[in-house]
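For reference, coords-v4.cif (mmCIF, C-alpha atoms):
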```
data_start
loop_
_atom_site.label_atom_id
_atom_site.label_comp_id
_atom_site.auth_asym_id
_atom_site.auth_seq_id
_atom_site.Cartn_x
_atom_site.Cartn_y
_atom_site.Cartn_z
CA MET A 1 -19.61 -12.71 -17.92
CA ASP A 2 -22.61 -12.97 -15.63
CA LEU A 3 -25.32 -14.83 -17.60
CA ASN A 4 -27.93 -13.08 -15.46
CA LEU A 5 -27.00 -9.85 -17.25
CA LEU A 6 -27.90 -11.47 -20.57
CA ARG A 7 -31.23 -12.70 -19.20
CA VAL A 8 -32.13 -9.20 -18.01
CA LEU A 9 -31.03 -7.69 -21.32
CA ASP A 10 -33.11 -10.27 -23.23
CA ALA A 11 -36.20 -9.42 -21.14
CA LEU A 12 -35.67 -5.69 -21.62
CA LEU A 13 -35.25 -6.06 -25.37
CA GLN A 14 -38.46 -8.05 -25.56
CA ASP A 15 -40.63 -5.87 -23.30
CA HIS A 16 -39.08 -2.38 -23.72
CA SER A 17 -40.08 -1.80 -20.10
CA VAL A 18 -38.24 -2.11 -16.79
CA THR A 19 -41.47 -2.94 -14.97
CA ARG A 20 -42.62 -5.66 -17.40
CA ALA A 21 -39.09 -7.12 -17.59
CA ALA A 22 -39.07 -7.34 -13.78
CA GLU A 23 -42.40 -9.19 -13.84
CA ARG A 24 -41.07 -11.62 -16.47
CA LEU A 25 -37.94 -12.28 -14.40
CA GLY A 26 -39.72 -12.46 -11.03
CA THR A 27 -37.71 -9.63 -9.52
CA SER A 28 -38.17 -5.95 -8.64
CA PRO A 29 -38.08 -2.99 -11.05
CA ALA A 30 -35.30 -1.47 -8.93
CA ALA A 31 -33.13 -4.56 -9.44
CA VAL A 32 -33.75 -4.52 -13.21
CA SER A 33 -32.96 -0.79 -13.31
CA ARG A 34 -29.63 -1.37 -11.55
CA THR A 35 -28.79 -4.20 -13.97
CA LEU A 36 -29.67 -1.99 -16.94
CA ALA A 37 -27.16 0.55 -15.63
CA ARG A 38 -24.48 -2.19 -15.52
CA LEU A 39 -25.36 -3.27 -19.04
CA ARG A 40 -25.09 0.28 -20.36
CA ARG A 41 -21.60 0.60 -18.87
CA ALA A 42 -20.51 -2.79 -20.21
CA VAL A 43 -21.84 -2.24 -23.75
CA GLY A 44 -21.07 1.48 -23.94
CA ASP A 45 -24.57 2.23 -25.21
CA PRO A 46 -27.81 3.37 -23.52
CA LEU A 47 -29.63 0.34 -25.05
CA LEU A 48 -33.10 1.64 -24.06
CA VAL A 49 -34.08 5.33 -24.08
CA ARG A 50 -37.21 7.24 -23.11
CA ALA A 51 -39.85 7.89 -25.76
CA GLY A 52 -42.89 9.50 -24.14
CA GLN A 53 -44.30 7.14 -21.51
CA GLY A 54 -42.34 4.15 -22.84
CA MET A 55 -38.84 3.15 -23.85
CA VAL A 56 -37.42 2.27 -27.24
CA PRO A 57 -34.27 0.28 -28.14
CA THR A 58 -31.26 1.94 -29.67
CA PRO A 59 -29.81 0.66 -32.97
CA ARG A 60 -27.11 -1.16 -30.96
CA ALA A 61 -29.81 -2.87 -28.87
CA LEU A 62 -31.61 -4.02 -32.02
CA GLU A 63 -28.31 -5.50 -33.28
CA LEU A 64 -27.89 -7.42 -30.00
CA ARG A 65 -31.45 -8.75 -29.71
CA GLU A 66 -31.10 -11.87 -31.89
CA GLU A 67 -27.57 -12.58 -30.72
CA VAL A 68 -28.55 -12.43 -27.04
CA GLY A 69 -31.55 -14.67 -27.62
CA ALA A 70 -29.42 -17.24 -29.45
CA LEU A 71 -26.81 -17.21 -26.66
CA LEU A 72 -29.43 -17.85 -24.00
CA ARG A 73 -31.06 -20.65 -26.00
CA GLY A 74 -27.63 -22.27 -26.37
CA CYS A 75 -27.00 -22.03 -22.62
CA ASP A 76 -30.42 -23.49 -21.87
CA ASN A 77 -29.70 -26.42 -24.19
CA VAL A 78 -26.40 -27.09 -22.41
CA LEU A 79 -28.04 -27.16 -18.99
CA ARG A 80 -31.14 -29.11 -20.05
CA PRO A 81 -31.24 -32.89 -19.35
CA GLY A 82 -30.18 -34.96 -22.34
CA PRO A 83 -32.69 -36.49 -24.74
CA GLY A 84 -34.31 -39.79 -23.87
CA PHE A 85 -32.10 -42.82 -24.52
CA ASP A 86 -32.90 -44.86 -27.62
CA ALA A 87 -30.70 -47.92 -28.07
CA ALA A 88 -31.84 -48.40 -31.66
CA ARG A 89 -30.27 -45.04 -32.59
CA LEU A 90 -27.03 -45.58 -30.65
CA GLN A 91 -23.84 -45.51 -32.73
CA ARG A 92 -20.94 -46.23 -30.42
CA THR A 93 -17.99 -48.54 -29.76
CA PHE A 94 -17.46 -49.99 -26.28
CA THR A 95 -14.13 -51.42 -25.16
CA VAL A 96 -13.99 -54.33 -22.70
CA GLN A 97 -10.90 -55.73 -21.02
CA ALA A 98 -11.31 -59.42 -20.21
CA THR A 99 -9.41 -62.68 -20.04
CA ASP A 100 -9.83 -64.91 -23.06
CA LEU A 101 -11.61 -67.59 -20.99
CA LEU A 102 -14.41 -65.14 -20.16
CA LEU A 103 -14.38 -63.78 -23.69
CA VAL A 104 -15.03 -67.17 -25.27
CA GLY A 105 -18.12 -67.64 -23.14
CA LEU A 106 -19.67 -64.19 -23.32
CA ALA A 107 -18.77 -62.71 -26.73
CA THR A 108 -21.52 -64.54 -28.62
CA SER A 109 -24.19 -63.89 -26.01
CA LEU A 110 -23.18 -60.23 -25.64
CA THR A 111 -23.13 -59.63 -29.40
CA GLU A 112 -26.56 -61.19 -29.85
CA ARG A 113 -28.01 -59.14 -26.99
CA ILE A 114 -26.72 -55.75 -28.02
CA HIS A 115 -27.33 -56.14 -31.75
CA ALA A 116 -30.92 -57.13 -31.12
CA GLU A 117 -31.47 -53.64 -29.69
CA ALA A 118 -28.62 -51.56 -31.12
CA PRO A 119 -27.34 -52.83 -34.48
CA GLU A 120 -24.85 -49.93 -34.80
CA VAL A 121 -23.01 -50.69 -31.55
CA ASP A 122 -19.57 -52.32 -31.82
CA VAL A 123 -17.47 -54.00 -29.12
CA VAL A 124 -13.67 -54.13 -28.90
CA PHE A 125 -12.13 -56.68 -26.50
CA LEU A 126 -8.69 -55.98 -25.04
CA PRO A 127 -6.46 -58.54 -23.30
CA GLU A 128 -5.49 -58.41 -19.65
CA ALA A 129 -2.13 -56.97 -20.70
CA VAL A 130 -3.47 -53.51 -19.83
CA GLU A 131 -4.75 -54.62 -16.41
CA GLY A 132 -3.64 -52.44 -13.54
CA GLY A 133 -2.88 -49.54 -15.87
CA PRO A 134 -4.70 -46.25 -16.38
CA GLY A 135 -7.07 -47.63 -19.01
CA LEU A 136 -10.30 -46.88 -17.15
CA ARG A 137 -9.09 -43.50 -15.91
CA GLN A 138 -7.76 -42.43 -19.31
CA GLY A 139 -10.79 -43.75 -21.22
CA TRP A 140 -9.00 -46.48 -23.20
CA VAL A 141 -11.24 -49.07 -21.53
CA ASP A 142 -14.97 -48.72 -20.89
CA VAL A 143 -15.34 -51.78 -18.66
CA GLU A 144 -12.85 -54.09 -16.98
CA LEU A 145 -14.23 -57.59 -16.47
CA GLY A 146 -12.82 -60.37 -14.32
CA VAL A 147 -11.17 -60.71 -10.91
CA LEU A 148 -10.77 -57.06 -9.98
CA GLY A 149 -7.70 -55.69 -8.26
CA HIS A 150 -5.23 -52.78 -8.30
CA LEU A 151 -7.94 -50.31 -9.31
CA ASP A 152 -7.72 -46.54 -8.97
CA PRO A 153 -9.59 -45.35 -5.84
CA GLU A 154 -12.38 -43.57 -7.74
CA ILE A 155 -13.29 -46.59 -9.90
CA ARG A 156 -16.83 -47.98 -9.54
CA THR A 157 -17.32 -51.74 -9.31
CA ARG A 158 -20.11 -54.29 -9.37
CA GLN A 159 -19.74 -57.92 -8.33
CA LEU A 160 -21.38 -60.26 -10.81
CA THR A 161 -20.82 -63.82 -9.69
CA ARG A 162 -18.59 -66.13 -7.69
CA MET A 163 -16.98 -69.06 -9.51
CA THR A 164 -14.94 -72.04 -8.40
CA PRO A 165 -11.74 -73.07 -10.21
CA VAL A 166 -11.68 -76.64 -11.47
CA GLY A 167 -9.12 -78.87 -13.11
CA ILE A 168 -9.39 -79.85 -16.74
CA ALA A 169 -7.80 -82.71 -18.67
CA ARG A 170 -8.46 -84.85 -21.73
CA GLN A 171 -11.24 -87.40 -21.25
CA GLY A 172 -8.88 -90.38 -21.34
CA HIS A 173 -6.38 -88.92 -18.86
CA PRO A 174 -5.01 -91.43 -16.30
CA LEU A 175 -6.22 -89.13 -13.49
CA PHE A 176 -9.77 -90.28 -14.18
CA ASP A 177 -8.85 -93.93 -13.53
CA GLY A 178 -9.45 -93.42 -9.80
CA PRO A 179 -10.38 -90.90 -7.11
CA ILE A 180 -8.47 -87.63 -7.56
CA ASP A 181 -6.89 -86.72 -4.26
CA ALA A 182 -4.26 -84.07 -3.54
CA ARG A 183 -1.36 -86.47 -3.98
CA ARG A 184 -2.49 -87.73 -7.41
CA PHE A 185 -3.34 -84.18 -8.46
CA ALA A 186 0.15 -82.95 -7.49
CA ALA A 187 1.80 -85.86 -9.29
CA ALA A 188 0.34 -84.84 -12.66
CA ASP A 189 2.21 -82.43 -14.92
CA HIS A 190 0.47 -79.06 -15.06
CA ILE A 191 -0.02 -76.12 -17.42
CA GLY A 192 0.52 -72.73 -15.80
CA ILE A 193 -1.58 -69.87 -17.16
CA SER A 194 -0.01 -66.47 -16.64
CA ARG A 195 0.41 -63.49 -18.95
CA LEU A 196 3.45 -62.53 -16.83
CA GLY A 197 5.03 -65.98 -16.90
CA LYS A 198 4.46 -66.72 -13.19
CA ARG A 199 4.98 -70.35 -12.17
CA LEU A 200 3.55 -70.27 -8.65
CA GLY A 201 0.07 -69.39 -7.45
CA PRO A 202 -2.67 -70.29 -4.91
CA ILE A 203 -2.61 -73.97 -5.93
CA ASP A 204 1.11 -74.23 -5.18
CA HIS A 205 0.64 -72.60 -1.78
CA ALA A 206 -2.24 -74.97 -0.93
CA LEU A 207 -0.14 -77.97 -1.95
CA ALA A 208 2.79 -76.71 0.08
CA ASP A 209 0.56 -76.62 3.18
CA LEU A 210 0.07 -80.36 2.64
CA GLY A 211 3.77 -80.98 2.07
CA LEU A 212 3.21 -81.52 -1.65
CA ARG A 213 4.59 -79.94 -4.78
CA ARG A 214 3.50 -80.04 -8.39
CA ARG A 215 5.48 -79.67 -11.58
CA THR A 216 4.41 -76.86 -13.89
CA ALA A 217 5.77 -78.23 -17.13
CA VAL A 218 4.72 -75.30 -19.31
CA VAL A 219 3.49 -71.74 -18.71
CA ILE A 220 1.39 -70.01 -21.36
CA PRO A 221 -0.55 -66.71 -21.29
CA SER A 222 -3.87 -67.95 -22.67
CA HIS A 223 -6.64 -70.10 -21.19
CA THR A 224 -7.76 -71.10 -24.68
CA SER A 225 -4.27 -72.29 -25.60
CA ALA A 226 -4.10 -74.19 -22.29
CA MET A 227 -7.32 -76.04 -23.13
CA MET A 228 -6.00 -76.99 -26.56
CA LEU A 229 -2.71 -78.17 -25.07
CA ALA A 230 -4.53 -80.21 -22.42
CA ARG A 231 -6.65 -81.79 -25.17
CA ASP A 232 -3.58 -83.11 -26.97
CA THR A 233 -1.36 -84.10 -24.00
CA ASP A 234 -1.49 -85.52 -20.48
CA LEU A 235 -0.98 -82.05 -19.02
CA VAL A 236 -3.58 -80.69 -16.58
CA ALA A 237 -4.96 -77.16 -16.87
CA LEU A 238 -7.44 -74.98 -14.99
CA SER A 239 -10.88 -73.70 -15.89
CA LEU A 240 -14.01 -72.42 -14.13
CA ALA A 241 -16.78 -74.63 -12.83
CA ASP A 242 -19.87 -74.76 -15.09
CA TRP A 243 -18.27 -72.42 -17.64
CA LEU A 244 -18.47 -73.49 -21.31
CA PRO A 245 -19.59 -77.09 -20.67
CA ASP A 246 -20.56 -77.66 -24.31
CA THR A 247 -17.24 -76.36 -25.57
CA ILE A 248 -15.26 -78.42 -23.08
CA SER A 249 -17.13 -81.58 -24.04
CA ALA A 250 -16.76 -80.90 -27.78
CA MET A 251 -13.00 -80.52 -27.32
CA GLY A 252 -12.77 -83.94 -25.68
CA LEU A 253 -11.99 -82.47 -22.28
CA ARG A 254 -13.37 -83.18 -18.83
CA THR A 255 -13.36 -81.12 -15.65
CA PHE A 256 -12.78 -82.31 -12.10
CA ALA A 257 -12.91 -80.79 -8.63
CA ILE A 258 -9.51 -79.67 -7.40
CA PRO A 259 -8.86 -81.59 -4.13
CA LEU A 260 -7.61 -78.52 -2.28
CA ASP A 261 -9.13 -75.83 -0.09
CA LEU A 262 -9.16 -72.98 -2.60
CA ALA A 263 -11.05 -69.71 -2.28
CA PRO A 264 -13.69 -69.05 -4.96
CA MET A 265 -13.06 -66.35 -7.53
CA ASP A 266 -15.20 -63.20 -7.42
CA LEU A 267 -15.90 -61.96 -10.93
CA GLY A 268 -17.00 -58.38 -11.35
CA MET A 269 -16.95 -55.37 -13.61
CA ALA A 270 -15.32 -51.98 -13.14
CA TRP A 271 -15.80 -48.64 -14.85
CA HIS A 272 -14.86 -45.00 -14.36
CA PRO A 273 -17.42 -42.75 -12.61
CA ARG A 274 -17.46 -40.39 -15.61
CA ASN A 275 -19.64 -43.05 -17.27
CA SER A 276 -21.90 -43.88 -14.34
CA ALA A 277 -24.75 -41.57 -15.37
CA ASP A 278 -24.33 -42.06 -19.11
CA PRO A 279 -27.43 -43.96 -20.33
CA GLY A 280 -25.61 -45.68 -23.20
CA HIS A 281 -22.82 -46.90 -20.95
CA SER A 282 -25.31 -48.06 -18.32
CA TRP A 283 -27.28 -49.93 -20.99
CA PHE A 284 -24.09 -51.66 -22.18
CA ARG A 285 -23.04 -52.63 -18.65
CA GLU A 286 -26.41 -54.28 -18.04
CA HIS A 287 -26.07 -56.36 -21.19
CA LEU A 288 -22.49 -57.27 -20.32
CA ALA A 289 -23.56 -58.42 -16.86
CA ALA A 290 -26.38 -60.49 -18.35
CA ALA A 291 -23.95 -62.13 -20.79
CA VAL A 292 -21.63 -63.10 -17.93
CA LEU A 293 -24.48 -64.61 -15.94
CA ALA A 294 -25.89 -66.49 -18.95
CA PRO A 295 -22.92 -67.28 -21.22
CA ALA A 296 -23.20 -68.96 -24.60
CA GLY A 297 -22.63 -72.71 -24.67
CA LEU A 298 -24.53 -73.40 -21.47
CA GLY A 299 -26.80 -76.36 -21.95
CA ASP A 300 -30.57 -75.74 -21.92
CA ALA A 301 -31.01 -77.80 -18.77
CA GLU A 302 -28.42 -75.64 -17.03
CA ARG A 303 -29.88 -72.21 -17.94
#
```

Rendering of file as structure tokens:
Amino acid sequence: MDLNLLRVLDALLQDHSVTRAAERLGTSPAAVSRTLARLRRAVGDPLLVRAGQGMVPTPRALELREEVGALLRGCDNVLRPGPGFDAARLQRTFTVQATDLLLVGLATSLTERIHAEAPEVDVVFLPEAVEGGPGLRQGWVDVELGVLGHLDPEIRTRQLTRMTPVGIARQGHPLFDGPIDARRFAAADHIGISRLGKRLGPIDHALADLGLRRRTAVVIPSHTSAMMLARDTDLVALSLADWLPDTISAMGLRTFAIPLDLAPMDLGMAWHPRNSADPGHSWFREHLAAAVLAPAGLGDAER
């Protein structure tokens, strides 16, 4: 159905005149007359008939008048820009995929930020187990957060920050008895962190370039579990520089620079383009980015 037919019919039913309907629509009387002929054939009714110098609607036209007006108002509402965004009225759940190390640092800050403006917004965090899958494309995940890779080609991304990996061990660990060079670092027993159970990574390749090799005594899937294990043993784990300093100190842990030439880690967020223009989604992404850049547990002097 050509919606222009309905607009002409609506004008005719309001004005009962081809000439006045043409003026209302900004077109010619001849064009309106031709459209009226099409409408009569489509409806099977003359719709408007002569009555002296004017025209009057048929009973069928009177039946259609309210229905046509309602249809056009509905179409106009569909094509009109959405109402202004009001975070206080937003009732929505956003799903974020992130590693537990990032989650520990940003969940408190993110929750405080969004609930200050939108108390009815909820957040669901998913583990990296769905990474590389169709979560963003299928709508299971609103935002993927972390080191981005293996994304579908249409996915939008935004880099947030660049962070350096550091070593982490209990405060009384023998490593801290002297300078930590590559040889002493390799000689320590390590905790591997991999949700897929991988034992080798960039650190092993960098050590191999120096003719060194480390022992990965245990592999676990969680950064949080690795920190707890490092707290209670002489095993060495990994963390991110300047991330959760208060938490690390409270757990009796201490970080140290890894004595290897390692590339920094680029942390970013990714989302599907279906959400790019959505004001609620955009609002949430801004708060998520702010929480990453100013995580909870950062000392006042470091903010």

Run through the PyMOL selection byres ((chain A and resi 36-46) around 8) on the given coordinates and return the selected residues as a list in words.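 Against this file, the PyMOL selection byres ((chain A and resi 36-46) around 8) returns the residues Leu5, Val8, Leu9, Val32, Ser33, Arg34, Thr35, Leu47, Leu48, Val49, Thr58 and Arg60 of chain A.
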
Here is a test: counting only C-alpha atoms, which residue of A:Val143, A:Ala250, A:Val218, A:Leu260 is nearest to Asn275 of chain A?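 Nearest candidate to Asn275 of chain A out of A:Val143, A:Ala250, A:Val218, A:Leu260: A:Val143.
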
Report, in Å to a single decimal, how far apart atom CA of Ile220 of chain A and atom CA of His150 of chain A are.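 Distance between the two atoms: 22.6 Å.
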
Given the file shown, determine the residues that the PyMOL selection byres ((chain A and resi 229) around 12) selects; report them as a PDB file with C-alpha atoms, in the frame of the given file.
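Saved file expr.pdb follows:
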```
ATOM      1  CA  ILE A 168      -9.390 -79.850 -16.740  1.00  0.00           C
ATOM      2  CA  ALA A 169      -7.800 -82.710 -18.670  1.00  0.00           C
ATOM      3  CA  ARG A 170      -8.460 -84.850 -21.730  1.00  0.00           C
ATOM      4  CA  HIS A 190       0.470 -79.060 -15.060  1.00  0.00           C
ATOM      5  CA  ILE A 191      -0.020 -76.120 -17.420  1.00  0.00           C
ATOM      6  CA  GLY A 192       0.520 -72.730 -15.800  1.00  0.00           C
ATOM      7  CA  ILE A 193      -1.580 -69.870 -17.160  1.00  0.00           C
ATOM      8  CA  ALA A 217       5.770 -78.230 -17.130  1.00  0.00           C
ATOM      9  CA  VAL A 218       4.720 -75.300 -19.310  1.00  0.00           C
ATOM     10  CA  VAL A 219       3.490 -71.740 -18.710  1.00  0.00           C
ATOM     11  CA  ILE A 220       1.390 -70.010 -21.360  1.00  0.00           C
ATOM     12  CA  SER A 222      -3.870 -67.950 -22.670  1.00  0.00           C
ATOM     13  CA  HIS A 223      -6.640 -70.100 -21.190  1.00  0.00           C
ATOM     14  CA  THR A 224      -7.760 -71.100 -24.680  1.00  0.00           C
ATOM     15  CA  SER A 225      -4.270 -72.290 -25.600  1.00  0.00           C
ATOM     16  CA  ALA A 226      -4.100 -74.190 -22.290  1.00  0.00           C
ATOM     17  CA  MET A 227      -7.320 -76.040 -23.130  1.00  0.00           C
ATOM     18  CA  MET A 228      -6.000 -76.990 -26.560  1.00  0.00           C
ATOM     19  CA  ALA A 230      -4.530 -80.210 -22.420  1.00  0.00           C
ATOM     20  CA  ARG A 231      -6.650 -81.790 -25.170  1.00  0.00           C
ATOM     21  CA  ASP A 232      -3.580 -83.110 -26.970  1.00  0.00           C
ATOM     22  CA  THR A 233      -1.360 -84.100 -24.000  1.00  0.00           C
ATOM     23  CA  ASP A 234      -1.490 -85.520 -20.480  1.00  0.00           C
ATOM     24  CA  LEU A 235      -0.980 -82.050 -19.020  1.00  0.00           C
ATOM     25  CA  VAL A 236      -3.580 -80.690 -16.580  1.00  0.00           C
ATOM     26  CA  ALA A 237      -4.960 -77.160 -16.870  1.00  0.00           C
ATOM     27  CA  LEU A 238      -7.440 -74.980 -14.990  1.00  0.00           C
ATOM     28  CA  MET A 251     -13.000 -80.520 -27.320  1.00  0.00           C
ATOM     29  CA  GLY A 252     -12.770 -83.940 -25.680  1.00  0.00           C
ATOM     30  CA  LEU A 253     -11.990 -82.470 -22.280  1.00  0.00           C
TER      31      LEU A 253
END
```

Among the residues A:Asp100, A:Asp86, A:Asp261, A:Glu120, the one that comes closest to Gly146 of chain A [using only C-alpha atoms]: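 Closest to Gly146 of chain A of all the choices is A:Asp100.
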
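Picture a line from atom CA of Ala98 of chain A to atom CA of Ala289 of chain A; it runs 12.7 Å.
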
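With only C-alpha atoms as the atoms that count, the minimum distance from Gly201 of chain A to the choices A:Gly172, A:Thr111, A:Leu262, A:Phe256 is reached by A:Leu262.
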
Rank nothing, just name the residue among A:Leu212, A:Met163, A:Leu13, A:Leu145 nearest to Arg183 of chain A, using all atoms listed in the file.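 Closest candidate: A:Leu212.
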
Tell me, in Å to one decimal, how far atom CA of Ile180 of chain A is from atom CA of Leu207 of chain A.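 Pair atom CA of Ile180 of chain A / atom CA of Leu207 of chain A returns 13.9 Å.
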
With distances taken over all atoms listed in the file, which of A:Pro59, A:Gly74, A:Pro119, A:Gly26 is nearest to Ala88 of chain A?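 Among the listed residues, the smallest separation from Ala88 of chain A belongs to A:Pro119.
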
Go through A:Pro273, A:Pro29, A:Pro174, A:Pro221 and flag the residue nearest Glu128 of chain A, using all atoms listed in the file for the distances. A:Pro221

On this file, the PyMOL selection byres ((chain A and resi 152) around 10) gives some set of residues; write that set as a ChimeraX atom specification. /A:132-134,136-137,149-151,153-156,272
